[in-house]
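Asker: Supplied in structure tokens, the structure appears directly below.
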Amino acid sequence: MESSDLIYLDYQATTPIDDLVLTEIVETARRSFANPHSTDHALGWRAAAEVAAASQRIIHALKASDHAVVFTSGATESNNLALLGAWSHLERSGRTKVLASRFEHACVRASAAELERRGAEVRQIPVTSAGDVDPKSVERLCSESTGLCTLMAVNNEVGTILPVQDAAAIAHRYGAIFHTDASQAIGRIPVNLDQWNVDLCSISGHKCYGPKGVGALIVRKSLVQCLSATVFGGEQQLKLRPGTVPVELCVGLARAVEIAVERQATEWSAAKEHTALFLDTLSRAFGELPIINGTRENRVPHNLNLRFAGIAAESLLDAMTRTCVSRGSACSSEGNKPSVSLTAMGLTPQEIEESFRVGFGRMTSHAEVEAAALDIASAARLLRGF
């Protein structure tokens with residue numbers, strides 16, 4: 001089947017690159033091809049200026065006036081740098097308790113596990129059955145030995161919006177550093193790092209209509225000295241991330257973030273319309289409304305995590321003719337492991353097996369929403385023997 005015949009509804013896994021972003025990447029690659037760390041000539045200076053400007057554009061868009069930008073290969077590297085890069089500081093300060101929600105992305109969980117192997121006391125912040133986090137749970141786990149707390153802004157599997165600002169305030173009362181993975185938040189909810197009062201924030205280009213292979217860790221300037229590099233070979237980017245910075249990708253990330261912030265409210269409204277149309281069409285075509293995992297209130301409308309009782313998601317996806325959805329996180333589905341998020345919410349193994357994720361995005365049309373709903377309903381009816 002030609003790609004043009006397929007309907008893409010897996011925007012949490014990755015987003016198509018925006019044409020405006022792609023244009024700026026190409027133009028930057030042509031005019032600023034030099035190494036931005038070449039300090040002996042004008043072309044190197046020009047490339048360095050492009051990177052510096054991209055940093056400022058991100059800081060302005062995300063209202064992060066007290067922060068600096070460290071460009072990385074994506075949110076996975078950013079999350080590793082945030083957690084593992086803080087370890088030496090945590091050890092020196094004697095504050096080696098680390099809090100991480102049970103909802104976190106695989107790279108955060110893996111980084112926390114590595115901290116535990118190095119001697120940290122890692123405590124999991126519980127998740128409610130609605131897919132939320134109660135700030136009181138953070139308060140109960142915090143103590144004077146807490147050095148770092150991490151909580152994602154928007155969950156990638158069920159789309160719930162988590163209380164980052166409240167959790168950051170609690171962590172700071174105990175003198176802890178606060179980190180958030182905001183890769184699913186950019187362009188979906190208003191992001192204001194000054195207001196949220198976060199110390200470290202991870203973002204990724206390909207989650208907000210930018211290029212793959214680039215992201216950033218946004219670091220509070222006063223805490224730069226609390227982080228150490230996790231890879232070695234140079235002193236670029238505040239001595240935290242060695243290696244030649246990809247100028248055009250950094251500029252592409254900045255443009256993607258700017259556009260996502262500019263269009264956030266409009267795209268929220270469009271996603272709400274898509275959700276309503278999708279559920280209405282699906283329920284009429286199939287004869288029943290699918291079960292929605294997680295709260296219907298405190299979530300982004302771009303993400304629906306659904307299940308039909310008695311129908312395995314893998315069989316459902318195989319029976320679809322043209323709709324591209326997923327069973328959950330791309331990182332967990334590759335290993336065919338049960339969803340960490342749905343497990344944390346208390347779903348049974350069978351309920352998790354039935355669950356699949358539908359994601360709407362910037363390029364989604366009403367016609368695609370209706371066609372996808374009918375495709376899913378047809379597959380579900382086939383599996384139910386209708």
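Labels used: A, B, ... for chains in the order of the structure tokens, numbers from 1 for residues in each chain, and numbers from 1 for ligands as shown.
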Report the closest atom pair, with its distance in Å rounded to one decimal, for each residue of range 85-130 of chain A that has an atom no farther than 10 Å from range 289-311 of chain A; count only C-alpha atoms, sort by chain and then rising residue number, and write it as JSON lines.
Answerer:
```
{"residue": "A:Thr128", "atom": "CA", "partner": "A:Gly294", "partner_atom": "CA", "distance": 9.0}
{"residue": "A:Ser129", "atom": "CA", "partner": "A:Gly294", "partner_atom": "CA", "distance": 6.9}
{"residue": "A:Ala130", "atom": "CA", "partner": "A:Gly294", "partner_atom": "CA", "distance": 4.3}
```
Asker: Write out as a list in words which residues come within 7 Å of Thr72 in chain A when counting only C-alpha atoms, dropping same-chain ones fewer than 2 positions away.
Answerer: Val70, Gly74, Glu77, Ser78, Val214, Gly215 and Ala216 of chain A
Asker: Can those selected residues be exported to a file as an mmCIF file, in the first residue's frame so that it contains C-alpha atoms?
Answerer:
```cif
data_model
loop_
_atom_site.group_PDB
_atom_site.id
_atom_site.type_symbol
_atom_site.label_atom_id
_atom_site.label_comp_id
_atom_site.auth_asym_id
_atom_site.auth_seq_id
_atom_site.Cartn_x
_atom_site.Cartn_y
_atom_site.Cartn_z
ATOM 1 C CA VAL A 70 22.584 22.229 26.003
ATOM 2 C CA GLY A 74 17.222 13.919 21.762
ATOM 3 C CA GLU A 77 20.313 11.726 25.962
ATOM 4 C CA SER A 78 18.919 14.787 27.754
ATOM 5 C CA VAL A 214 18.327 16.609 18.077
ATOM 6 C CA GLY A 215 16.957 17.663 21.447
ATOM 7 C CA ALA A 216 18.055 19.744 24.390
#
```
Asker: Can you write out as CSV which residues of range 91-160 of chain A fall within 10 Å of range 180-202 of chain A, alongside each residue's closest atom pair and its distance in Å to one decimal, counting only C-alpha atoms and ordering rows by chain and ascending residue number?
Answerer:
```
residue,atom,partner,partner_atom,distance
A:Ala100,CA,A:Thr180,CA,9.9
A:Glu104,CA,A:Asp181,CA,8.4
A:His105,CA,A:Asp181,CA,8.5
A:Val108,CA,A:Asp181,CA,8.7
A:Cys149,CA,A:Thr180,CA,8.5
A:Thr150,CA,A:Thr180,CA,5.5
A:Leu151,CA,A:Thr180,CA,5.1
A:Met152,CA,A:Asp181,CA,4.5
A:Ala153,CA,A:Ala182,CA,5.2
A:Val154,CA,A:Ala185,CA,5.5
A:Asn155,CA,A:Gln184,CA,7.0
A:Asn156,CA,A:Gln184,CA,6.2
A:Glu157,CA,A:Gln184,CA,9.8
A:Gly159,CA,A:Gln184,CA,8.4
```
Asker: Would you save the residues from that selection as a JSON list (two decimals), in the first residue's frame, using C-alpha atoms?
Answerer:
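This went into result_22.json:
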```json
[["chain", "number", "residue", "atom", "x", "y", "z"],
["A", 100, "ALA", "CA", 10.92, 9.27, 39.88],
["A", 104, "GLU", "CA", 8.49, 7.86, 33.39],
["A", 105, "HIS", "CA", 9.86, 7.04, 29.97],
["A", 108, "VAL", "CA", 14.44, 7.89, 32.77],
["A", 149, "CYS", "CA", 13.03, 14.57, 41.73],
["A", 150, "THR", "CA", 11.86, 13.86, 38.17],
["A", 151, "LEU", "CA", 8.31, 13.95, 36.81],
["A", 152, "MET", "CA", 7.29, 14.06, 33.14],
["A", 153, "ALA", "CA", 4.97, 16.88, 32.06],
["A", 154, "VAL", "CA", 2.64, 14.86, 29.82],
["A", 155, "ASN", "CA", 2.51, 11.09, 29.77],
["A", 156, "ASN", "CA", 3.38, 9.63, 26.38],
["A", 157, "GLU", "CA", 1.06, 6.63, 26.59],
["A", 159, "GLY", "CA", -1.78, 11.69, 27.61]]
```
Asker: With distances taken over only C-alpha atoms, which residue among A:Trp45, A:Phe356, A:Tyr8, A:Phe71 lies nearest Ile203 in chain A?
Answerer: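 With only C-alpha atoms as the atom set, the closest residue is A:Phe71.
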Asker: Rounded to one decimal, what separation in Å do you get between CA of Val133 in chain A and CA of Thr343 in chain A?
Answerer: 14.3 Å
Asker: Within 12 Å of range 369-384 of chain A, counting only C-alpha atoms, which residues show up once you throw out same-chain ones fewer than 5 positions away? Write them as a PyMOL selection string, please.
Answerer: chain A and resi 5-10+270-290+302+306-325+354+356-361+363-364
Asker: Within 7 Å of Ala167 in chain A, counting only C-alpha atoms, which residues show up once you throw out same-chain ones fewer than 3 positions away? Write them as a ChimeraX atom specification, please.
Answerer: /A:135,138,163-164,170-171
Asker: Any idea what the distance is between CA of Ile218 in chain A and CA of Val251 in chain A?
Answerer: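 Atom-to-atom, CA of Ile218 in chain A to CA of Val251 in chain A, that is 15.4 Å.
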Asker: Would you list the contacts of Val69 in chain A as a list in words, taking every protein, DNA or RNA residue within 8 Å and counting only C-alpha atoms, but skipping same-chain residues closer than 6 positions in sequence?
Answerer: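 Here the qualifying residues turn out to be Ser55, Ile58, Ile59, Ala216, Leu217, Ile218 and Val219 of chain A.
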Asker: Could you state the separation of CA of Lys337 in chain A and CA of Pro16 in chain A in Å, given to one decimal place?
Answerer: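 Between CA of Lys337 in chain A and CA of Pro16 in chain A the gap works out to 26.1 Å.
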Asker: Write out as number ranges by chain the residues lying within 10 Å of Leu148 in chain A, counting only C-alpha atoms and excluding same-chain residues fewer than 6 positions away.
Answerer: A: 82-83, 86-87, 90, 95-100, 122, 142, 171-172, 174-179
Asker: Rank A:Ala265, A:Gly385, A:Tyr209, A:Asn79 by their smallest atom-to-atom distance to Arg362 in chain A, using only C-alpha atoms, and report the top residue only.
Answerer: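 Of the candidates, the smallest distance to Arg362 in chain A is held by A:Tyr209.
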Asker: According to DSSP computed on the backbone, where in range 77-268 of chain A is there alpha helix (DSSP H)? Give the residues as number ranges by chain.
Answerer: A: 77-84, 87-93, 106-118, 135-141, 164-173, 193-196, 247-268
